[in-house]
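Here is the structure we will look at, set down as structure tokens.
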Amino acid sequence: MNPSHQGLPTPGTLTVTDLLRQLEQRGCVCGSPADAVAVVGADRDSAPVVVQLLVGAGAWIACGCIVLGLGLADILENGAATALSGAALSGAALFLRRIRTGVFADSFSLCTGLTGLVLFTVGLTDLTGGSDLVPGVISLTLAAAVLYVPFDSPMFRFLSVSSALGLLTISMGEELGTESMHVLILLETLGAGFIFTKLPQSLFRPLGYALAAAMPCTLLLTLEHSLSAWPAAIVQVCAQLWLLNFALSTGQPRRVAVLGLSGTAAALLGLLSAPGILAAIGLIILGHLERDVLLRALGLLFLPVYLIAFYYNLDTSLLTKSGILIATGVILWAARWYLRERVAAGLFETLDLPDDPDRHAVDQTHPSTADRFPTDRDTGAIS
Amino acid sequence: MPEIDPQPEPDISPAESADQCFSAADLSADRRAVDCLFRAGVIDDDGRQAALRIIAGPVLWWPWIDRALLFLGLTFSLVGVICFFAWNWGDLPGAAKLGLIQCGLAVCCGLAWWKGLETTAGRAAVLAASVFVGVFLAVFGQVYQTGADDWLLFAGWAGLILPWTLLARFEALWILWLGIVNVALVTCWMQTLSRDVDWQFFMLTLGLVNGVALGLKEQGQHRGLDWLQSDWSRHLLAVAMLVPLTCPVLALVLKTDLFGSDWLTTLLLTAVVLAGTLCVTYHHFRHRSPDLVVLTFVAICICTVATLIIGRLLVKVIDDFVVVVLIGGVILATVTIAARWLLNVARALRAASDQEASA
């Protein structure tokens, strides 16, 4: 049996006690180790991320069926009654969440909460005439914000925020003016970057995931609406520069040469290719930096999507696209070649070249480098 | 895409706490444990970073940058090459087009030979050469207007790159090869076989082809082949196997009058194949090579089929829109049962892992 396939560590390597002992030696443990071990023991019963995704998807589809069924049966005709039912359902879901006793109560409360949110939004939209989406966006955002902290389900937090962002994006496309999407992209990029690099607390991570997932979707919609790409490109280049600066200077002196090179490459990529491609690469880097499989998967998912979208983009000829893409590839290869040369010349005296076994052996045993650079062996659950 | 469920503050009595401390002390330290300690305030952000470094080992940032730059550059360049030849430049003679592609192919082969197939650069070169073969065949058809069906292009492509796919021992290349085979099969069915062969039978074949690939990968992994140890390809192959096997069953459940029709034989056949595949998959990924993600895919298949059958029966019995609400309830119930089962499996797997860690 290979435990890494279950998102579990390799057996026989390290127990929680060993880990706490090592952390204590470094002065990193704030509380009592006995309490810490008890907390880990209690957490072992919580659901793995794939199961949570399954429950979340099931609850969301069930919510859709319930709302659709109620709508078809003409039960949602009175806006006030619908909004009140939504509020009552949300309250009931919150109560269920607090007293939950098992998987069924968990998924039932999640489905009830989502249904309440949707009914509340539909009801308020109906009360204001039902012709435009802005009241719906406001009510959904408000409801999601009010329930975010008390409803302590990460899946609910993620789905409610994503729904609000989705509706906001659609309303921007239809009513508020498509140009405002650039502001949304800026806010989503800033929000996701800030949460994943500055706020590691679990409370904010669902919000971070929602923003990180919404940002490339909004960028995709800008293609659909044939919006000018340069504002989004500037945002993405700036985000990339900030991310690279953060990644390359975490706990170590800044490497000006590397930073300069990375900055130039990012700026050229932003200038040449589509901003969505840069956003996907940014998500992959952020995922690696945060050792987060979901962010990396999101980036890897959107990269081919943007490449295909770029291929079918009608604004430029295939010859131009071909030139841009080949130039992008050459920039990345040039960056790689330059970095390898610098590594070989001793710029990073402790970095390992993957194809050089001697250097690799030195790096593996060099503690200062391990302290400076993030690692990439996590196959486990996501925080 | 949420995180691990942060459970409410554990309500532990002193006696329970002591018990739990005793048993939990031997739990394996993993990412989840670190996050849990961080959430509980036992370690701060610096402690979290230090703990992640301890559990993840001293693998460095540079190898990742190196590989990322290499493969991203390769992806962009290859898509650029495809765009260039898709543009079909009229002023460029056919021989020049083919010559350019052959030059690219020769450079890639030379690079692979020079660097060696065991290096990342050599593998990337073989991958690029494989794409160049496909581009060559496409441009050949474009220049000489052979009139051959599309599926022949993909079949020829898969056949031509098979030798170095076998030699390269590179998982991504195998996946690319299998993808080309899948496209060849789909286009072959669409262009030549669709009149004689039901799409249900075709999907069964496609699912079984991918299933065989998954079986071979598992066998290779079991034998300890280093280049077949990754999980992403396993998950991809599991999806590529289960989706084509499930679709015909779903379509036939929707189409068939469940109490007798012409489609019943086909439905039974597809259902038997799907059930057999699910049993084998469950047995392998539960007992021989545990993988919760693949088991989740199995659970999703079962939930989908069960929901559709129950929904179909409900629609037959209840002639009202309320049935849609009931179907929502059925979805919730099936998913909850599946989640409960998966949680039990996860606990069992984790207990086994903790036992091994403490040993």
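Letters A, B, ... go to the chains of the structure tokens in the order shown; residues in each chain start at 1; ligands are counted from 1 in the same order.
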**Report entry** Shell around stretch 83-86 of chain B at 6 Å using only C-alpha atoms, local window under 4 positions removed, as a list of chain:residue names
**Finding:** A:Leu318, A:Leu319, A:Ser322
Report summary line: Across B:Phe132, B:Phe38, B:Trp62, B:Phe140, the smallest distance to B:Val81, with only C-alpha atoms counted, is shown by B:Phe132
Query raised in the report: Contacts of stretch 227-231 of chain B at 7 Å or less, counting only C-alpha atoms, minus same-chain residues fewer than 2 places along, as a PyMOL selection string?
Result: (chain A and resi 5) or (chain B and resi 169-171+217+220-221+225+233-235)
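Minimum atom-to-atom distance to A:Phe95, evaluated using only C-alpha atoms, belongs to A:Leu147 out of A:Val134, A:Leu147, A:Ile234, A:Leu332.
Near A:Asp126, within 12 Å and counting only C-alpha atoms, sit Leu76, Glu77, Asn78, Gly79, Ala80, Ala81, Thr82, Ala83, Leu119, Phe120, Thr121, Val122, Gly123, Gly129, Gly130, Ser131, Asp132, Leu133, Val134, Pro135, Gly136 and Ser139 of chain A; same-chain residues fewer than 3 positions away were not included.
When only C-alpha atoms are used to compute distances to chain A, the closest of the residues B:Met190, B:Val325, B:Ala50, B:Leu178 turns out to be B:Val325.
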Query raised in the report: If you count only C-alpha atoms, which residues fall within 10 Å of A:Phe204, apart from same-chain ones fewer than 5 positions away, as a list in words?
Result: Tyr148, Val149, Pro154, Arg157, Phe158, Ala192, Ile195, Phe196, Leu199 and Tyr209 of chain A
Can you pull out every residue within 12 Å of A:Ser226, counting only C-alpha atoms, but drop anything in the same chain fewer than 2 positions away, and send it as a JSON list (two decimals) with N, CA and C atoms, in the first residue's frame?
```
[["chain", "number", "residue", "atom", "x", "y", "z"],
["A", 173, "GLY", "N", -21.30, 42.14, -16.86],
["A", 173, "GLY", "CA", -21.38, 41.91, -18.30],
["A", 173, "GLY", "C", -22.67, 42.43, -18.89],
["A", 178, "THR", "N", -19.16, 46.38, -19.18],
["A", 178, "THR", "CA", -18.12, 45.35, -19.17],
["A", 178, "THR", "C", -16.76, 45.89, -18.72],
["A", 179, "GLU", "N", -16.53, 47.22, -18.92],
["A", 179, "GLU", "CA", -15.23, 47.78, -18.54],
["A", 179, "GLU", "C", -14.97, 47.62, -17.03],
["A", 181, "MET", "N", -15.28, 45.16, -15.38],
["A", 181, "MET", "CA", -14.68, 43.85, -15.09],
["A", 181, "MET", "C", -13.19, 43.99, -14.75],
["A", 219, "LEU", "N", -11.42, 36.74, -16.27],
["A", 219, "LEU", "CA", -10.52, 37.02, -17.40],
["A", 219, "LEU", "C", -11.03, 36.36, -18.68],
["A", 220, "LEU", "N", -11.59, 35.16, -18.50],
["A", 220, "LEU", "CA", -12.13, 34.44, -19.67],
["A", 220, "LEU", "C", -13.32, 35.20, -20.25],
["A", 221, "LEU", "N", -14.12, 35.79, -19.34],
["A", 221, "LEU", "CA", -15.28, 36.56, -19.81],
["A", 221, "LEU", "C", -14.87, 37.83, -20.54],
["A", 222, "THR", "N", -13.70, 38.39, -20.18],
["A", 222, "THR", "CA", -13.25, 39.59, -20.89],
["A", 222, "THR", "C", -12.97, 39.25, -22.36],
["A", 223, "LEU", "N", -12.54, 38.00, -22.60],
["A", 223, "LEU", "CA", -12.34, 37.56, -23.99],
["A", 223, "LEU", "C", -13.68, 37.49, -24.71],
["A", 224, "GLU", "N", -14.68, 36.96, -24.00],
["A", 224, "GLU", "CA", -16.01, 36.81, -24.56],
["A", 224, "GLU", "C", -16.60, 38.17, -24.95],
["A", 228, "SER", "N", -10.58, 45.24, -24.06],
["A", 228, "SER", "CA", -9.16, 45.50, -24.23],
["A", 228, "SER", "C", -8.37, 44.71, -23.17],
["A", 229, "ALA", "N", -7.26, 44.09, -23.60],
["A", 229, "ALA", "CA", -6.54, 43.20, -22.68],
["A", 229, "ALA", "C", -5.52, 43.92, -21.82],
["A", 230, "TRP", "N", -5.15, 45.18, -22.21],
["A", 230, "TRP", "CA", -4.00, 45.76, -21.51],
["A", 230, "TRP", "C", -4.21, 46.07, -20.04],
["A", 309, "ALA", "N", -8.23, 29.34, -25.85],
["A", 309, "ALA", "CA", -8.94, 30.61, -26.07],
["A", 309, "ALA", "C", -8.09, 31.55, -26.92],
["A", 313, "ASN", "N", -8.90, 33.14, -30.55],
["A", 313, "ASN", "CA", -9.13, 34.58, -30.49],
["A", 313, "ASN", "C", -9.07, 35.17, -31.90],
["A", 314, "LEU", "N", -10.14, 35.87, -32.29],
["A", 314, "LEU", "CA", -10.24, 36.30, -33.69],
["A", 314, "LEU", "C", -9.56, 37.63, -33.97],
["A", 315, "ASP", "N", -9.08, 38.31, -32.90],
["A", 315, "ASP", "CA", -8.51, 39.64, -33.12],
["A", 315, "ASP", "C", -7.18, 39.62, -33.87]]
```
Query - Surrounding residues of stretch 142-156 of chain B excluding itself and chain neighbours under 3 positions, 6 Å, only C-alpha atoms, as a list in words - result: Gly94, Val139, Gly159, Leu160, Ala184, Thr187 and Cys188 of chain B
Query - Residue with smallest distance to A:Ala213 - pool A:Thr328, A:Ser162, A:Thr264, A:Ser85, counting only C-alpha atoms - result: A:Ser162
